[in-house]
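Next comes work_22.cif, with mmCIF, C-alpha atoms and all ligand atoms.
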```cif
data_target
loop_
_atom_site.label_atom_id
_atom_site.label_comp_id
_atom_site.auth_asym_id
_atom_site.auth_seq_id
_atom_site.Cartn_x
_atom_site.Cartn_y
_atom_site.Cartn_z
CA MET A 1 24.71 -0.61 3.26
CA THR A 2 21.04 -1.54 2.99
CA LYS A 3 18.34 0.51 4.67
CA SER A 4 17.65 -2.24 7.18
CA THR A 5 21.28 -2.43 8.36
CA LYS A 6 21.35 1.28 9.14
CA ARG A 7 18.11 0.95 11.07
CA ALA A 8 17.43 3.87 13.39
CA THR A 9 16.96 3.33 17.10
CA ASP A 10 13.78 1.39 17.69
CA SER A 11 11.00 3.99 17.88
CA GLY A 12 8.61 1.59 19.64
CA ARG A 13 6.14 2.10 16.80
CA VAL A 14 4.44 -0.83 15.09
CA ALA A 15 3.21 -0.91 11.47
CA VAL A 16 1.19 -3.28 9.33
CA VAL A 17 2.04 -3.33 5.60
CA THR A 18 -0.18 -5.36 3.25
CA GLY A 19 1.28 -6.89 0.11
CA ALA A 20 4.66 -6.60 1.85
CA GLY A 21 6.33 -9.13 -0.46
CA GLY A 22 5.64 -7.21 -3.67
CA GLY A 23 7.76 -4.60 -5.42
CA LEU A 24 6.41 -1.55 -3.64
CA GLY A 25 5.59 -3.43 -0.41
CA ALA A 26 9.19 -4.58 0.10
CA ALA A 27 10.44 -1.00 -0.41
CA ILE A 28 7.88 0.33 2.09
CA VAL A 29 8.96 -2.29 4.65
CA ALA A 30 12.62 -1.29 4.14
CA GLN A 31 11.78 2.40 4.56
CA LEU A 32 9.78 1.89 7.77
CA VAL A 33 12.35 -0.49 9.28
CA ALA A 34 15.08 2.06 8.51
CA ASP A 35 12.95 4.60 10.39
CA GLY A 36 12.91 2.39 13.48
CA VAL A 37 9.45 0.89 13.03
CA ARG A 38 8.67 -2.78 13.67
CA VAL A 39 6.65 -4.04 10.70
CA MET A 40 4.17 -6.90 10.37
CA GLY A 41 3.89 -7.90 6.71
CA LEU A 42 0.57 -9.36 5.51
CA GLU A 43 1.15 -11.23 2.26
CA ARG A 44 0.11 -14.44 0.50
CA ASN A 45 3.51 -15.01 -1.14
CA ARG A 46 5.55 -16.97 1.41
CA ASP A 47 8.82 -16.60 -0.54
CA GLY A 48 8.42 -12.83 -0.40
CA LEU A 49 7.82 -12.97 3.35
CA ASP A 50 10.85 -15.23 3.87
CA ALA A 51 13.10 -12.84 1.93
CA LEU A 52 11.96 -9.91 4.08
CA ALA A 53 12.39 -11.89 7.29
CA SER A 54 15.98 -12.79 6.43
CA ARG A 55 16.75 -9.20 5.35
CA HIS A 56 15.23 -7.41 8.36
CA GLY A 57 15.49 -9.95 11.20
CA GLU A 58 13.37 -9.25 14.26
CA ALA A 59 12.22 -5.88 12.90
CA PHE A 60 9.94 -7.78 10.51
CA ILE A 61 7.06 -10.04 11.47
CA PRO A 62 5.90 -12.23 8.55
CA TYR A 63 2.21 -13.15 8.43
CA PRO A 64 1.02 -15.26 5.48
CA LEU A 65 -2.67 -14.85 4.62
CA ASP A 66 -5.17 -14.25 1.86
CA LEU A 67 -6.30 -10.63 2.15
CA THR A 68 -9.56 -11.41 0.36
CA ARG A 69 -10.59 -13.31 3.54
CA PRO A 70 -11.89 -10.92 6.25
CA ASP A 71 -11.58 -13.70 8.87
CA GLU A 72 -7.86 -14.06 8.09
CA ILE A 73 -7.38 -10.28 8.37
CA ALA A 74 -9.13 -10.28 11.76
CA ALA A 75 -6.89 -13.14 12.94
CA ALA A 76 -3.72 -11.29 11.87
CA PHE A 77 -4.65 -8.14 13.78
CA GLY A 78 -5.75 -10.28 16.72
CA GLN A 79 -2.27 -11.79 16.86
CA LEU A 80 -0.67 -8.35 16.68
CA ARG A 81 -2.83 -7.16 19.57
CA GLU A 82 -1.65 -10.13 21.64
CA THR A 83 2.03 -9.67 20.85
CA HIS A 84 2.37 -5.86 20.55
CA GLY A 85 -0.77 -4.38 22.14
CA GLY A 86 -1.77 -2.25 19.15
CA VAL A 87 -0.67 -0.62 15.92
CA ASP A 88 0.58 2.88 15.03
CA ILE A 89 0.77 2.76 11.22
CA LEU A 90 -1.27 0.86 8.61
CA VAL A 91 -0.17 0.83 4.97
CA ASN A 92 -2.81 -0.67 2.68
CA ASN A 93 -0.52 -1.46 -0.23
CA ALA A 94 -1.67 -4.86 -1.57
CA GLY A 95 -3.32 -4.64 -4.94
CA THR A 96 -3.43 -5.93 -8.44
CA CYS A 97 -4.56 -4.84 -11.88
CA PHE A 98 -6.73 -7.32 -13.76
CA MET A 99 -6.79 -6.20 -17.36
CA SER A 100 -9.98 -7.44 -19.08
CA GLU A 101 -11.59 -4.61 -21.00
CA PHE A 102 -15.12 -3.29 -20.53
CA PRO A 103 -17.74 -4.62 -21.20
CA ASP A 104 -16.13 -8.07 -21.35
CA ILE A 105 -15.10 -8.25 -17.71
CA PRO A 106 -16.12 -11.55 -16.09
CA ALA A 107 -18.09 -11.10 -12.86
CA ASP A 108 -15.52 -13.05 -10.84
CA GLU A 109 -12.68 -10.83 -12.14
CA PHE A 110 -14.63 -7.72 -11.14
CA GLU A 111 -15.24 -9.16 -7.66
CA ALA A 112 -11.58 -10.16 -7.26
CA GLN A 113 -10.35 -6.70 -8.29
CA MET A 114 -12.63 -4.98 -5.77
CA LYS A 115 -11.81 -7.50 -3.03
CA ILE A 116 -8.06 -7.09 -3.12
CA ASN A 117 -7.84 -3.38 -4.07
CA PHE A 118 -10.67 -2.07 -1.90
CA SER A 119 -12.37 -4.55 0.46
CA ALA A 120 -9.09 -5.80 1.97
CA ALA A 121 -8.09 -2.22 2.84
CA PHE A 122 -11.57 -1.57 4.27
CA HIS A 123 -11.33 -4.62 6.56
CA CYS A 124 -7.75 -3.76 7.61
CA CYS A 125 -8.93 -0.25 8.60
CA GLN A 126 -11.81 -1.77 10.58
CA ALA A 127 -9.36 -3.99 12.47
CA ALA A 128 -6.58 -1.42 12.89
CA ILE A 129 -8.43 1.71 14.05
CA PRO A 130 -9.63 0.32 17.41
CA MET A 131 -6.05 -0.90 17.98
CA MET A 132 -4.71 2.63 17.43
CA ALA A 133 -6.61 3.97 20.46
CA GLY A 134 -4.40 5.15 23.31
CA ARG A 135 -1.16 5.01 21.26
CA ASP A 136 1.24 7.96 21.38
CA GLY A 137 1.30 10.73 18.77
CA VAL A 138 -0.59 10.92 15.50
CA ARG A 139 -1.30 7.46 14.12
CA LYS A 140 -1.24 6.96 10.35
CA ILE A 141 -3.18 5.12 7.68
CA ILE A 142 -1.63 5.30 4.20
CA ASN A 143 -3.59 3.80 1.32
CA ILE A 144 -1.75 3.03 -1.90
CA SER A 145 -4.13 4.13 -4.62
CA SER A 146 -3.24 4.76 -8.26
CA ASN A 147 -2.88 7.64 -10.65
CA GLY A 148 -5.03 5.44 -12.91
CA ALA A 149 -8.11 6.52 -10.93
CA TYR A 150 -7.62 10.06 -12.25
CA ASN A 151 -5.83 9.87 -15.59
CA PHE A 152 -8.18 8.54 -18.28
CA ASP A 153 -5.54 8.62 -21.02
CA VAL A 154 -3.59 5.69 -19.57
CA PHE A 155 -4.48 2.05 -20.11
CA ASP A 156 -6.17 1.06 -16.86
CA PRO A 157 -9.56 -0.74 -17.15
CA PRO A 158 -12.62 0.66 -15.34
CA HIS A 159 -12.83 -1.90 -12.52
CA TYR A 160 -9.23 -1.04 -11.55
CA ARG A 161 -9.92 2.71 -11.63
CA ALA A 162 -13.16 2.27 -9.65
CA SER A 163 -11.49 0.11 -6.98
CA LYS A 164 -8.88 2.83 -6.37
CA ALA A 165 -11.45 5.64 -6.44
CA ALA A 166 -13.41 3.74 -3.77
CA LEU A 167 -10.22 3.45 -1.72
CA ASP A 168 -9.66 7.21 -1.95
CA THR A 169 -13.22 7.94 -0.79
CA LEU A 170 -12.57 5.66 2.20
CA THR A 171 -9.42 7.71 2.86
CA LYS A 172 -11.43 10.93 3.01
CA ASP A 173 -14.24 9.49 5.14
CA LEU A 174 -11.86 8.06 7.74
CA ALA A 175 -9.71 11.21 7.73
CA ARG A 176 -12.74 13.29 8.65
CA ARG A 177 -14.18 10.74 11.09
CA TYR A 178 -10.96 10.29 13.07
CA ALA A 179 -9.26 13.71 12.80
CA ALA A 180 -9.96 14.61 16.43
CA ASP A 181 -8.68 11.17 17.50
CA LYS A 182 -5.35 12.06 15.86
CA ILE A 183 -5.49 9.39 13.17
CA ALA A 184 -4.25 10.85 9.87
CA VAL A 185 -5.43 9.07 6.72
CA ASN A 186 -4.02 9.74 3.25
CA SER A 187 -3.74 8.08 -0.13
CA ILE A 188 -0.63 7.98 -2.28
CA ALA A 189 -1.54 7.56 -5.96
CA PRO A 190 1.55 6.64 -8.00
CA ALA A 191 1.87 6.40 -11.75
CA MET A 192 4.19 3.89 -13.47
CA THR A 193 6.45 2.36 -10.80
CA GLU A 194 8.85 -0.41 -11.70
CA THR A 195 7.52 -3.54 -9.97
CA PRO A 196 6.39 -7.06 -10.99
CA LEU A 197 2.95 -5.51 -11.65
CA PHE A 198 4.37 -4.29 -14.98
CA ASN A 199 3.89 -7.89 -16.17
CA VAL A 200 0.11 -7.40 -16.44
CA VAL A 201 0.51 -5.32 -19.61
CA SER A 202 1.98 -6.14 -23.01
CA GLU A 203 5.40 -4.83 -23.99
CA ASP A 204 3.85 -2.32 -26.42
CA VAL A 205 1.42 -0.90 -23.86
CA LEU A 206 4.21 -0.67 -21.28
CA LYS A 207 6.53 1.09 -23.72
CA ALA A 208 3.84 3.64 -24.62
CA ALA A 209 3.03 4.31 -20.95
CA LEU A 210 6.70 4.74 -20.03
CA ALA A 211 7.20 7.12 -22.96
CA GLN A 212 4.68 9.47 -21.31
CA MET A 213 6.72 9.71 -18.09
CA PRO A 214 8.40 13.16 -18.09
CA HIS A 215 11.69 11.88 -16.62
CA GLY A 216 11.94 9.27 -19.38
CA ARG A 217 11.75 6.41 -16.91
CA ALA A 218 9.40 4.67 -14.51
CA MET A 219 9.42 5.72 -10.88
CA ARG A 220 11.34 3.45 -8.51
CA PRO A 221 9.63 1.66 -5.58
CA GLU A 222 11.95 3.34 -3.06
CA GLU A 223 10.96 6.78 -4.39
CA VAL A 224 7.31 6.05 -3.59
CA ALA A 225 8.25 4.37 -0.29
CA ALA A 226 10.05 7.57 0.78
CA TRP A 227 6.68 9.36 0.64
CA VAL A 228 5.18 6.66 2.85
CA GLY A 229 8.06 7.24 5.27
CA PHE A 230 7.43 10.99 5.17
CA LEU A 231 3.71 10.62 5.93
CA ALA A 232 4.50 8.12 8.71
CA SER A 233 7.04 10.53 10.25
CA PRO A 234 6.11 13.49 12.51
CA ALA A 235 6.28 15.69 9.39
CA GLY A 236 3.13 13.91 8.22
CA ASP A 237 1.15 14.63 11.38
CA ILE A 238 -0.68 17.66 9.95
CA CYS A 239 -1.60 16.06 6.61
CA SER A 240 -4.89 14.13 6.42
CA GLY A 241 -7.62 13.43 3.87
CA ASN A 242 -5.39 13.97 0.84
CA VAL A 243 -4.77 11.98 -2.32
CA ILE A 244 -1.11 12.61 -3.12
CA ILE A 245 -0.42 12.03 -6.79
CA LEU A 246 3.13 10.99 -7.71
CA ASN A 247 3.79 11.04 -11.44
CA GLN A 248 6.78 13.31 -12.18
CA GLY A 249 4.29 16.02 -13.23
CA ARG A 250 2.91 13.98 -16.13
CA ASP A 251 -0.69 15.10 -15.95
CA VAL A 252 -0.31 18.81 -15.31
CA ARG A 253 -2.35 20.71 -17.91
N1 LIG B 301 3.55 -0.60 -10.03
C1 LIG B 301 2.85 0.44 -10.47
O1 LIG B 301 3.12 1.03 -11.52
C2 LIG B 301 1.68 0.94 -9.65
C3 LIG B 301 1.05 2.11 -10.07
C4 LIG B 301 -0.04 2.58 -9.33
C5 LIG B 301 -0.45 1.91 -8.20
N2 LIG B 301 0.18 0.77 -7.83
C6 LIG B 301 -0.31 0.08 -6.60
O2 LIG B 301 0.77 -0.23 -5.77
C7 LIG B 301 0.41 -1.33 -4.93
C8 LIG B 301 1.56 -2.32 -4.89
O3 LIG B 301 1.70 -2.90 -6.18
P1 LIG B 301 3.09 -3.39 -6.79
O4 LIG B 301 3.32 -2.59 -8.00
O5 LIG B 301 4.14 -3.46 -5.74
O6 LIG B 301 2.66 -4.85 -7.28
P2 LIG B 301 3.21 -6.29 -6.85
O7 LIG B 301 2.41 -7.23 -7.68
O8 LIG B 301 4.69 -6.33 -6.92
O9 LIG B 301 2.79 -6.40 -5.32
C9 LIG B 301 1.47 -6.69 -4.87
C10 LIG B 301 1.58 -7.65 -3.70
O10 LIG B 301 0.26 -7.87 -3.16
C11 LIG B 301 0.17 -9.26 -2.82
N3 LIG B 301 -1.23 -9.70 -2.87
C12 LIG B 301 -2.07 -9.60 -3.95
N4 LIG B 301 -3.24 -10.19 -3.66
C13 LIG B 301 -3.13 -10.66 -2.37
C14 LIG B 301 -4.02 -11.37 -1.52
N5 LIG B 301 -5.25 -11.73 -1.91
N6 LIG B 301 -3.59 -11.70 -0.28
C15 LIG B 301 -2.33 -11.35 0.13
N7 LIG B 301 -1.45 -10.69 -0.64
C16 LIG B 301 -1.86 -10.34 -1.88
C17 LIG B 301 0.97 -9.98 -3.91
O11 LIG B 301 1.35 -11.27 -3.48
C18 LIG B 301 2.13 -9.02 -4.11
O12 LIG B 301 3.24 -9.37 -3.30
C19 LIG B 301 -0.90 -1.89 -5.52
O13 LIG B 301 -2.00 -1.47 -4.73
C20 LIG B 301 -0.97 -1.26 -6.89
O14 LIG B 301 -2.30 -1.10 -7.37
C21 LIG B 301 1.24 0.26 -8.51
#
```
Would you mind writing the file out in structure tokens?
Amino acid sequence: MTKSTKRATDSGRVAVVTGAGGGLGAAIVAQLVADGVRVMGLERNRDGLDALASRHGEAFIPYPLDLTRPDEIAAAFGQLRETHGGVDILVNNAGTCFMSEFPDIPADEFEAQMKINFSAAFHCCQAAIPMMAGRDGVRKIINISSNGAYNFDVFDPPHYRASKAALDTLTKDLARRYAADKIAVNSIAPAMTETPLFNVVSEDVLKAALAQMPHGRAMRPEEVAAWVGFLASPAGDICSGNVIILNQGRDVR
């Protein structure tokens, strides 16, 4: 039985998940739908959106867009306001890892990395927070960062690390700013998780990175998604302003 078919009673809560069609995004959608949340997926890959729509039925609202376009983000949240009146959970998950090495990083690659990994999340927060006003309970923003912002032994290039570090500073600022409004904001920073993003690195680099994982394997998308589900649940109400590192204990010294 898939998560979506054992969906809990509809909780009345509404979430937005960016990059919903990717490896981690699809697992996060499945987790939230199983927890009774209606999810709008923001994603540029229409095939990914179609697959989620046929898997989750009316619990999933597909919305194709380019997240590097602030006007398209504003239009998506505008539609959600019309149809659902607001939003309870935002998961800024969309991201990529462009791999040119410093100092030979083209300016347009640097801009693209920052736009998708940081600016898109910034604009989604700007759109979502006013729509969280007046909703029941503690509302949640969960930013998918990366262990690569903190572990300098692994392969990630500096513009990737910096984009995720910027995201985590946004997490802390918004957590502080909106604590009394009962909006909890956290980052989840995973290490190697088996998704199509693995294709950005060569086989040798991937093998070396996986060899460092203490459990002898990559993490699975649903393992990370379970933490998103935990933070989104009432158990997560008292947690805000944290960067939660998931890496099987790899970097403990
Ligand atoms: N996989 C890992 O090992 C790993 C480790 C650390 C952090 N992360 C983070 O997890 C998040 C999810 O990555 P993933 O591993 O599932 O990768 P993925 O490539 O499978 O998914 C990313 C999704 O984002 C979408 N996307 C990218 N640019 C977009 C744009 N401009 N507009 C709309 N959609 C866009 C893609 O279409 C894709 O579906 C990312 O933020 C990534 O940095 C992943």
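Of the residues under consideration (A:Leu90, A:Cys239, A:Ala208, A:Met219), A:Met219 shows the shortest atom-to-atom contact distance to ligand LIG 301 (chain B) when counting only C-alpha atoms and all ligand atoms.
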Note to self: Show me which residues are within 8 Å of ligand LIG 301 (chain B) counting only C-alpha atoms and all ligand atoms, and format the list as a PyMOL selection string.
What the structure shows: chain A and resi 18-26+42-45+48+64-69+92-97+115-117+144-148+164+189-198+218-219+221
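Shell of region 231-236 of chain A at 8 Å, with only C-alpha atoms counted and residues fewer than 6 places along the chain excluded, is A:Ile89, A:Val138, A:Arg139, A:Lys140, A:Ile142.
With CA of Phe122 (chain A) on one side and CA of Ala51 (chain A) on the other, the separation reads 27.2 Å.
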Margin query: Need to verify the contact set: Phe155 (chain A), 12 Å, all atoms listed in the file, exclusion of same-chain residues closer than 2 positions in sequence. Can you return it as a PyMOL selection string?
Written below: chain A and resi 97-102+147-153+157-161+191-192+200-202+204-210+212
Check: When you draw a straight line from CA of Tyr178 (chain A) to CA of Asp35 (chain A), how long is it in Å?
Finding: 24.7 Å
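If you look at CA of Asp71 (chain A) and CA of Asp50 (chain A), they are 23.0 Å away from each other.
Candidate residues A:Asp10, A:Asp237, A:Asp181, A:Glu223 were compared for distance to Ile129 (chain A), and the nearest is A:Asp181, using only C-alpha atoms.
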